[in-house]
Each structure stands twice: as C-alpha cells, then as structure tokens.
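Enquirer: Got entry17.pdb for you, PDB, C-alpha atoms:
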```pdb
MODEL        1
ATOM      1  CA  MET K   1       0.000   0.000   0.000
ATOM      2  CA  SER K   2       1.333   3.414  -0.983
ATOM      3  CA  LYS K   3       1.612   6.339   1.420
ATOM      4  CA  THR K   4      -1.251   8.086  -0.394
ATOM      5  CA  GLU K   5      -3.557   5.090   0.018
ATOM      6  CA  HIS K   6      -2.555   4.717   3.678
ATOM      7  CA  ALA K   7      -3.308   8.401   4.328
ATOM      8  CA  ALA K   8      -6.694   8.042   2.606
ATOM      9  CA  ASP K   9      -7.540   5.042   4.816
ATOM     10  CA  ASP K  10      -6.574   7.016   7.929
ATOM     11  CA  ARG K  11      -8.796   9.945   6.898
ATOM     12  CA  HIS K  12     -11.693   7.625   6.101
ATOM     13  CA  LEU K  13     -11.473   5.876   9.463
ATOM     14  CA  HIS K  14     -10.957   9.153  11.330
ATOM     15  CA  ARG K  15     -14.032  10.765   9.772
ATOM     16  CA  LEU K  16     -16.096   7.643  10.482
ATOM     17  CA  VAL K  17     -15.149   7.781  14.160
ATOM     18  CA  LEU K  18     -15.840  11.527  14.427
ATOM     19  CA  PHE K  19     -19.268  11.138  12.826
ATOM     20  CA  SER K  20     -20.086   8.224  15.123
ATOM     21  CA  ASP K  21     -19.043  10.156  18.237
ATOM     22  CA  ALA K  22     -21.320  13.018  17.185
ATOM     23  CA  VAL K  23     -24.326  10.682  16.888
ATOM     24  CA  PHE K  24     -23.638   9.160  20.307
ATOM     25  CA  ALA K  25     -23.349  12.646  21.840
ATOM     26  CA  ILE K  26     -26.587  13.840  20.222
ATOM     27  CA  ALA K  27     -28.458  10.736  21.371
ATOM     28  CA  ILE K  28     -27.371  11.287  24.983
ATOM     29  CA  THR K  29     -28.306  14.982  24.762
ATOM     30  CA  LEU K  30     -31.775  14.146  23.430
ATOM     31  CA  LEU K  31     -32.357  11.881  26.421
ATOM     32  CA  ALA K  32     -32.132  14.875  28.758
ATOM     33  CA  ILE K  33     -34.010  17.269  26.452
ATOM     34  CA  GLU K  34     -37.050  14.989  26.444
ATOM     35  CA  ILE K  35     -37.356  15.114  30.252
ATOM     36  CA  HIS K  36     -39.834  17.788  31.343
ATOM     37  CA  PRO K  37     -40.764  18.651  34.950
ATOM     38  CA  PRO K  38     -44.389  18.174  36.075
ATOM     39  CA  GLU K  39     -46.692  21.171  35.875
ATOM     40  CA  HIS K  40     -47.618  20.994  39.548
ATOM     41  CA  TRP K  41     -45.372  19.800  42.325
ATOM     42  CA  HIS K  42     -44.914  20.567  46.017
ATOM     43  CA  GLY K  43     -41.412  20.241  47.390
ATOM     44  CA  VAL K  44     -38.381  18.297  46.289
ATOM     45  CA  ALA K  45     -39.741  14.951  47.476
ATOM     46  CA  ASP K  46     -42.905  15.342  45.415
ATOM     47  CA  LEU K  47     -40.908  16.492  42.383
ATOM     48  CA  PHE K  48     -38.679  13.429  42.417
ATOM     49  CA  GLY K  49     -41.642  11.236  43.265
ATOM     50  CA  GLN K  50     -43.426  12.329  40.091
ATOM     51  CA  MET K  51     -40.292  12.198  37.948
ATOM     52  CA  GLY K  52     -38.785   9.044  39.413
ATOM     53  CA  HIS K  53     -39.775   6.772  36.507
ATOM     54  CA  LYS K  54     -38.388   9.260  33.978
ATOM     55  CA  LEU K  55     -35.103   9.608  35.828
ATOM     56  CA  TRP K  56     -34.695   5.821  36.105
ATOM     57  CA  ALA K  57     -35.342   5.430  32.376
ATOM     58  CA  TYR K  58     -32.884   8.245  31.667
ATOM     59  CA  ALA K  59     -30.211   6.630  33.863
ATOM     60  CA  VAL K  60     -30.636   3.248  32.160
ATOM     61  CA  SER K  61     -30.493   4.761  28.664
ATOM     62  CA  PHE K  62     -27.518   6.934  29.542
ATOM     63  CA  ALA K  63     -25.707   3.815  30.735
ATOM     64  CA  VAL K  64     -26.721   1.896  27.597
ATOM     65  CA  ILE K  65     -25.427   4.599  25.265
ATOM     66  CA  GLY K  66     -22.281   4.977  27.357
ATOM     67  CA  VAL K  67     -21.557   1.242  27.242
ATOM     68  CA  TYR K  68     -22.133   1.142  23.493
ATOM     69  CA  TRP K  69     -19.893   4.170  22.950
ATOM     70  CA  ILE K  70     -17.096   2.468  24.914
ATOM     71  CA  SER K  71     -17.584  -0.753  22.951
ATOM     72  CA  HIS K  72     -17.651   1.176  19.661
ATOM     73  CA  ARG K  73     -14.471   3.055  20.621
ATOM     74  CA  ARG K  74     -12.656  -0.155  21.528
ATOM     75  CA  ILE K  75     -13.662  -1.840  18.279
ATOM     76  CA  PHE K  76     -12.612   1.071  16.094
ATOM     77  CA  ALA K  77      -9.349   1.483  18.014
ATOM     78  CA  ARG K  78      -8.379  -1.957  16.681
ATOM     79  CA  LEU K  79      -9.133  -1.112  13.061
ATOM     80  CA  ARG K  80      -6.478   0.050  10.629
ATOM     81  CA  ALA K  81      -8.763   0.900   7.690
ATOM     82  CA  ALA K  82     -12.388   1.386   6.661
ATOM     83  CA  ASN K  83     -14.409   0.778   3.513
ATOM     84  CA  GLY K  84     -17.911   1.237   2.138
ATOM     85  CA  VAL K  85     -19.313  -1.930   3.692
ATOM     86  CA  LEU K  86     -18.080  -0.854   7.109
ATOM     87  CA  ASP K  87     -19.690   2.552   6.544
ATOM     88  CA  VAL K  88     -23.087   0.945   5.886
ATOM     89  CA  LEU K  89     -22.857  -1.404   8.872
ATOM     90  CA  ASN K  90     -21.799   1.469  11.117
ATOM     91  CA  LEU K  91     -24.707   3.599   9.872
ATOM     92  CA  ALA K  92     -27.065   0.780  10.867
ATOM     93  CA  VAL K  93     -25.635   0.922  14.403
ATOM     94  CA  LEU K  94     -25.973   4.701  14.565
ATOM     95  CA  GLY K  95     -29.523   4.585  13.202
ATOM     96  CA  LEU K  96     -30.534   2.271  16.029
ATOM     97  CA  ILE K  97     -28.675   4.387  18.602
ATOM     98  CA  GLY K  98     -30.653   7.400  17.363
ATOM     99  CA  MET K  99     -33.892   5.549  18.216
ATOM    100  CA  LEU K 100     -32.999   5.163  21.898
ATOM    101  CA  PRO K 101     -34.442   8.536  23.008
ATOM    102  CA  LEU K 102     -37.780   7.538  21.431
ATOM    103  CA  ALA K 103     -37.686   4.118  23.079
ATOM    104  CA  THR K 104     -36.803   5.735  26.413
ATOM    105  CA  GLU K 105     -39.814   8.044  26.165
ATOM    106  CA  LEU K 106     -41.970   5.011  25.381
ATOM    107  CA  LEU K 107     -40.563   3.318  28.473
ATOM    108  CA  TRP K 108     -41.538   6.124  30.839
ATOM    109  CA  GLU K 109     -44.836   7.046  29.191
ATOM    110  CA  HIS K 110     -46.091   3.458  29.020
ATOM    111  CA  ALA K 111     -44.626   1.546  31.930
ATOM    112  CA  SER K 112     -45.779  -1.831  30.646
ATOM    113  CA  GLY K 113     -44.306  -5.183  29.740
ATOM    114  CA  GLU K 114     -44.770  -4.422  26.043
ATOM    115  CA  ALA K 115     -42.847  -1.135  26.293
ATOM    116  CA  THR K 116     -40.043  -2.872  28.189
ATOM    117  CA  LEU K 117     -39.929  -5.615  25.555
ATOM    118  CA  VAL K 118     -39.630  -3.024  22.760
ATOM    119  CA  TYR K 119     -36.868  -1.203  24.645
ATOM    120  CA  VAL K 120     -34.840  -4.318  25.435
ATOM    121  CA  GLY K 121     -35.367  -5.508  21.848
ATOM    122  CA  LEU K 122     -33.880  -2.256  20.534
ATOM    123  CA  VAL K 123     -30.898  -2.516  22.884
ATOM    124  CA  ALA K 124     -30.338  -6.113  21.754
ATOM    125  CA  ALA K 125     -30.613  -5.093  18.092
ATOM    126  CA  ILE K 126     -27.894  -2.470  18.595
ATOM    127  CA  GLY K 127     -25.643  -5.152  20.050
ATOM    128  CA  VAL K 128     -26.229  -7.433  17.062
ATOM    129  CA  ALA K 129     -25.551  -4.562  14.647
ATOM    130  CA  LEU K 130     -22.333  -3.603  16.444
ATOM    131  CA  SER K 131     -21.199  -7.219  16.473
ATOM    132  CA  ALA K 132     -21.781  -7.270  12.700
ATOM    133  CA  VAL K 133     -19.406  -4.292  12.423
ATOM    134  CA  TRP K 134     -16.741  -6.152  14.381
ATOM    135  CA  GLY K 135     -17.382  -9.451  12.631
ATOM    136  CA  TYR K 136     -17.000  -7.898   9.201
ATOM    137  CA  ALA K 137     -13.935  -5.864  10.176
ATOM    138  CA  ALA K 138     -12.151  -8.734  11.927
ATOM    139  CA  PHE K 139     -12.995 -11.556   9.538
ATOM    140  CA  ALA K 140     -14.584 -10.811   6.154
ATOM    141  CA  GLY K 141     -13.180  -7.324   5.564
ATOM    142  CA  GLU K 142      -9.784  -7.910   7.204
ATOM    143  CA  LEU K 143      -9.767  -4.326   8.458
ATOM    144  CA  ALA K 144      -8.505  -5.046  11.970
ATOM    145  CA  GLY K 145      -4.952  -5.365  13.128
ATOM    146  CA  PRO K 146      -3.523  -8.681  14.315
ATOM    147  CA  VAL K 147      -5.993 -10.319  16.716
ATOM    148  CA  HIS K 148      -6.200 -13.781  18.258
ATOM    149  CA  ARG K 149      -9.068 -15.685  16.630
ATOM    150  CA  GLY K 150     -10.487 -16.877  19.951
ATOM    151  CA  GLU K 151     -10.461 -13.366  21.363
ATOM    152  CA  ALA K 152     -12.090 -12.030  18.198
ATOM    153  CA  LEU K 153     -14.868 -14.618  18.431
ATOM    154  CA  PHE K 154     -15.421 -13.894  22.132
ATOM    155  CA  THR K 155     -15.642 -10.165  21.373
ATOM    156  CA  LEU K 156     -18.174 -10.943  18.642
ATOM    157  CA  ALA K 157     -20.355 -13.016  20.971
ATOM    158  CA  ARG K 158     -20.047 -10.607  23.903
ATOM    159  CA  THR K 159     -20.959  -7.591  21.774
ATOM    160  CA  ALA K 160     -23.998  -9.365  20.344
ATOM    161  CA  ILE K 161     -25.347 -10.888  23.559
ATOM    162  CA  ALA K 162     -24.183  -8.939  26.620
ATOM    163  CA  PRO K 163     -25.907  -5.525  26.208
ATOM    164  CA  GLY K 164     -29.433  -6.845  25.600
ATOM    165  CA  LEU K 165     -29.063  -9.466  28.335
ATOM    166  CA  MET K 166     -27.682  -6.980  30.863
ATOM    167  CA  CYS K 167     -30.310  -4.360  30.051
ATOM    168  CA  GLY K 168     -33.110  -6.883  30.454
ATOM    169  CA  LEU K 169     -31.717  -8.085  33.774
ATOM    170  CA  ILE K 170     -31.290  -4.516  35.051
ATOM    171  CA  LEU K 171     -34.891  -3.588  34.212
ATOM    172  CA  PHE K 172     -36.076  -6.866  35.720
ATOM    173  CA  SER K 173     -34.125  -6.268  38.923
ATOM    174  CA  LEU K 174     -35.789  -2.866  39.385
ATOM    175  CA  ASN K 175     -39.025  -4.728  40.134
ATOM    176  CA  HIS K 176     -37.577  -7.986  41.454
ATOM    177  CA  ALA K 177     -34.609  -7.621  43.802
ATOM    178  CA  TRP K 178     -33.529 -11.240  43.276
ATOM    179  CA  GLY K 179     -32.840 -10.295  39.638
ATOM    180  CA  LEU K 180     -29.556  -8.872  40.901
ATOM    181  CA  ILE K 181     -28.263 -12.441  41.353
ATOM    182  CA  PRO K 182     -28.346 -13.450  37.654
ATOM    183  CA  LEU K 183     -27.170  -9.923  36.782
ATOM    184  CA  ALA K 184     -24.079 -10.307  38.988
ATOM    185  CA  ALA K 185     -23.483 -13.808  37.612
ATOM    186  CA  ALA K 186     -23.669 -12.558  34.012
ATOM    187  CA  ILE K 187     -21.250  -9.702  34.720
ATOM    188  CA  ALA K 188     -18.815 -12.092  36.412
ATOM    189  CA  ALA K 189     -19.042 -14.538  33.497
ATOM    190  CA  PHE K 190     -18.317 -11.914  30.862
ATOM    191  CA  VAL K 191     -15.447 -10.401  32.874
ATOM    192  CA  ALA K 192     -13.898 -13.802  33.532
ATOM    193  CA  GLY K 193     -14.333 -14.826  29.910
ATOM    194  CA  GLY K 194     -12.664 -11.635  28.700
ATOM    195  CA  ARG K 195      -9.678 -12.110  30.998
ATOM    196  CA  PHE K 196      -9.318 -15.744  29.962
ATOM    197  CA  MET K 197      -9.333 -14.905  26.255
ATOM    198  CA  ARG K 198      -6.822 -12.085  26.752
ATOM    199  CA  ARG K 199      -4.479 -14.481  28.549
ATOM    200  CA  ARG K 200      -4.828 -16.993  25.729
ATOM    201  CA  ALA K 201      -4.122 -14.297  23.168
ATOM    202  CA  ALA K 202      -1.038 -13.151  25.097
ATOM    203  CA  GLY K 203       0.186 -16.731  25.392
ATOM    204  CA  ALA K 204      -0.272 -17.333  21.671
ATOM    205  CA  ALA K 205       1.645 -14.127  20.912
ATOM    206  CA  GLU K 206       4.548 -15.199  23.147
ATOM    207  CA  THR K 207       4.649 -18.620  21.478
ATOM    208  CA  THR K 208       4.764 -16.999  18.052
ATOM    209  CA  GLU K 209       7.579 -14.685  19.097
ATOM    210  CA  GLU K 210       9.594 -17.594  20.528
ATOM    211  CA  ALA K 211       9.102 -19.617  17.353
ATOM    212  CA  ALA K 212      10.223 -16.669  15.229
ATOM    213  CA  ALA K 213      13.348 -16.201  17.391
TER     214      ALA K 213
ENDMDL
END
```
Just dump the structure as structure tokens.
Expert:
Amino acid sequence: MSKTEHAADDRHLHRLVLFSDAVFAIAITLLAIEIHPPEHWHGVADLFGQMGHKLWAYAVSFAVIGVYWISHRRIFARLRAANGVLDVLNLAVLGLIGMLPLATELLWEHASGEATLVYVGLVAAIGVALSAVWGYAAFAGELAGPVHRGEALFTLARTAIAPGLMCGLILFSLNHAWGLIPLAAAIAAFVAGGRFMRRRAAGAAETTEEAAA
C-alpha cells in the first residue's frame, strides 16, 4: 500500500469515528431534552416522586449509550482501515442508537411489559448490529490489526449478547430484587471470559515470538 492510500484510509477511518461520536453525543443529549418537569409539584420529594420513573429510564439509557460508545471506541481502536461496507454497517448501528431517546420516552410514558420488551429488543438489536461491524472488520473485511481468533470470536459473541441481556436483567431487577443475582453472575461470566481470552491471546503471541526467534 502506498503512502497516499494509507493516508486516505486514515482519513476515512478518522471521519467515520468523528461522525459516530457526534451521533452518540446527540443521542445522549436528546435523552435529557425529552425530560420535562411536572406542571404541579410541592417540594423536592414530590418532584422526584413524580419524575422518578423518567429519571430511572434516563439513567438506564444513559448507561446503555455509554456502554455502546465504549464498545464502539474499543472496536474502532483496533481497526487500521475502513471501507464502504463498514460505513453501511456502522450507519445501521448509529440509526438504532438514534432511536434510543424515542424508546426511552416510550418506556416512561407506558410503563408496561410491552414497552419494556420493545426497549430491550432495541438494545439487543444495537448489540447485534455492532457485532456485525466487528465481525465484518475482523474476519470478512480484514480491516482489523492482528488479533487472536479466539479473542475475536469472544468479542463478537459478547458484543452481540451482553448488552441486551444486561439491560433486560437490570430492568427486571428494578421490580424484582432477586434479579440482581443473575445480573451479577452474568457480569462475572463476561469479565472472567474476557480475561481468559486475553491471557490466551497473550500466550499465543509469546509462542509466536519464541518460534520466530
């Protein structure tokens, strides 16, 4: 690859990341803009009592967007180039992220099982879309730097499954305290799995270096 082509790839990837960050920032801002105080309230306790469901929904959505931004940043930090297919897949992720303020409003306006199902479904869909970005970049598109295959597959599975599962368990635990048990177990499993795969990747890298020496 020539220096000109390398510079073009860097600009492409850089602009893709900047555009993505802007969408994440706008989505988080819209979450707060959509929160309006009640027309009539008496004292701080009454104010928070009336707005409690909105603030909980805001906190959950803020955390969801924050987690997805971190995951998106980590994925794109491992890429060395971008192309048109990656652009389209990334736009699908951003389009779903942009729907979160609407889903959050649905969650607090219609506190029902159906609204929760729609919300968790959207969160899960974002995870699947983001995993498609990583899957294409790491495997089909070969846009990522050197990565251990096992670690790449674990990242793919974690990105697709963890956010929707965690969001569902968090919303469930708000009404059922014992839901914190499977939530803690899921977090521990994903953390332990990530550490295990990183150790395997480091071990494979050391073996390769020793063989080359």
Enquirer: Pick out the closest residue to Leu13 in chain K from this set: K:Leu180, K:Ile75, K:Val120, K:Ala188. Count only C-alpha atoms.
Expert: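 Closest to Leu13 in chain K of all the choices is K:Ile75.
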Enquirer: Could you tell me, as a list in words, exactly which residues end up selected when the PyMOL selection byres ((chain K and resi 17) around 12) is applied to this structure?
Expert: Asp10, Arg11, His12, Leu13, His14, Arg15, Leu16, Leu18, Phe19, Ser20, Asp21, Ala22, Val23, Phe24, Trp69, His72, Arg73, Arg74, Ile75, Phe76, Ala77, Leu79, Ala81, Ala82, Leu86, Asp87, Asn90, Leu91 and Leu94 of chain K
Enquirer: I need the residues from that last selection saved to file as a CSV table (one decimal), keeping the file's coordinate frame (with C-alpha atoms), if you can.
Expert:
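Result saved to result18.csv:
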```
chain,number,residue,atom,x,y,z
K,10,ASP,CA,-6.6,7.0,7.9
K,11,ARG,CA,-8.8,9.9,6.9
K,12,HIS,CA,-11.7,7.6,6.1
K,13,LEU,CA,-11.5,5.9,9.5
K,14,HIS,CA,-11.0,9.2,11.3
K,15,ARG,CA,-14.0,10.8,9.8
K,16,LEU,CA,-16.1,7.6,10.5
K,18,LEU,CA,-15.8,11.5,14.4
K,19,PHE,CA,-19.3,11.1,12.8
K,20,SER,CA,-20.1,8.2,15.1
K,21,ASP,CA,-19.0,10.2,18.2
K,22,ALA,CA,-21.3,13.0,17.2
K,23,VAL,CA,-24.3,10.7,16.9
K,24,PHE,CA,-23.6,9.2,20.3
K,69,TRP,CA,-19.9,4.2,23.0
K,72,HIS,CA,-17.7,1.2,19.7
K,73,ARG,CA,-14.5,3.1,20.6
K,74,ARG,CA,-12.7,-0.2,21.5
K,75,ILE,CA,-13.7,-1.8,18.3
K,76,PHE,CA,-12.6,1.1,16.1
K,77,ALA,CA,-9.3,1.5,18.0
K,79,LEU,CA,-9.1,-1.1,13.1
K,81,ALA,CA,-8.8,0.9,7.7
K,82,ALA,CA,-12.4,1.4,6.7
K,86,LEU,CA,-18.1,-0.9,7.1
K,87,ASP,CA,-19.7,2.6,6.5
K,90,ASN,CA,-21.8,1.5,11.1
K,91,LEU,CA,-24.7,3.6,9.9
K,94,LEU,CA,-26.0,4.7,14.6
```
Enquirer: Suppose you want the space between CA of Phe154 in chain K and CA of Met197 in chain K; what is it in Å?
Expert: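 We find that CA of Phe154 in chain K and CA of Met197 in chain K lie 7.4 Å from each other.
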Enquirer: Going by the chain IDs and residue numbers used in this file, which residues fall under the PyMOL selection byres ((chain K and resi 93) around 9)? Write them as a PyMOL selection string.
Expert: chain K and resi 88-92+94-98+125-130+133
Enquirer: Figure out the distance between CA of Arg198 in chain K and CA of Val64 in chain K, please, to one decimal in Å.
Expert: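 One can read the CA of Val64 in chain K to CA of Arg198 in chain K distance as 24.3 Å.
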Enquirer: Any chance you could resolve the PyMOL selection byres ((chain K and resi 147) around 12) against this file and give the residues as a PyMOL selection string?
Expert: chain K and resi 75+78-79+134+137-139+142-146+148-155+197-198+200-202+204-205
Enquirer: Which residues are close to Glu109 in chain K, i.e. within 9 Å by only C-alpha atoms, leaving aside same-chain residues fewer than 3 positions away? Reply as a list of chain:residue names.
Expert: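 Non-adjacent residues within range: K:His53, K:Lys54, K:Thr104, K:Glu105, K:Leu106, K:Ala115.
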Enquirer: Under the rule that all atoms listed in the file are counted, which of K:Phe48, K:Ala25, K:Ala184, K:Tyr58 is the nearest residue to Leu102 in chain K?
Expert: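 The shortest atom-to-atom distance to Leu102 in chain K comes from K:Tyr58.
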Enquirer: In Å to one decimal, how far is CA of Ile161 in chain K from CA of Val85 in chain K?
Expert: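 Interatomic distance, CA of Val85 in chain K to CA of Ile161 in chain K: 22.6 Å.
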Enquirer: Kindly extract all protein, DNA and RNA residues lying within 12 Å of the coordinates (-22.3, -14.2, 30.7) given in the file, considering all atoms listed in the file, and supply them as a PyMOL selection string.
Expert: chain K and resi 154+157-166+169+182-194
Enquirer: Counting all atoms listed in the file, which of K:Trp178, K:Gly84, K:Tyr68, K:Gly141 gets nearest to Ala124 in chain K?
Expert: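 Once distances to Ala124 in chain K are computed over all atoms listed in the file, the minimum belongs to K:Tyr68.
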Enquirer: For Leu171 in chain K, work out the shell of residues within 10 Å, counting all atoms listed in the file and skipping chain neighbours fewer than 2 positions away, then give it as a list in words.
Expert: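 Contacts, in chain order: Trp56, Ala57, Val60, Thr116, Val120, Met166, Cys167, Gly168, Leu169, Ser173, Leu174, Asn175, His176 and Gly179 of chain K.
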Enquirer: Which is closest to Ala63 in chain K among K:Leu117, K:Tyr136, K:Arg199, K:Leu100, if we use only C-alpha atoms?
Expert: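 Among the listed residues, the smallest separation from Ala63 in chain K belongs to K:Leu100.
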Enquirer: K:Trp108, K:Ala177, K:Ala140, K:Ala32: which is nearest Gly52 in chain K, counting only C-alpha atoms?
Expert: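 Comparing K:Trp108, K:Ala177, K:Ala140, K:Ala32 against Gly52 in chain K, the winner is K:Trp108.
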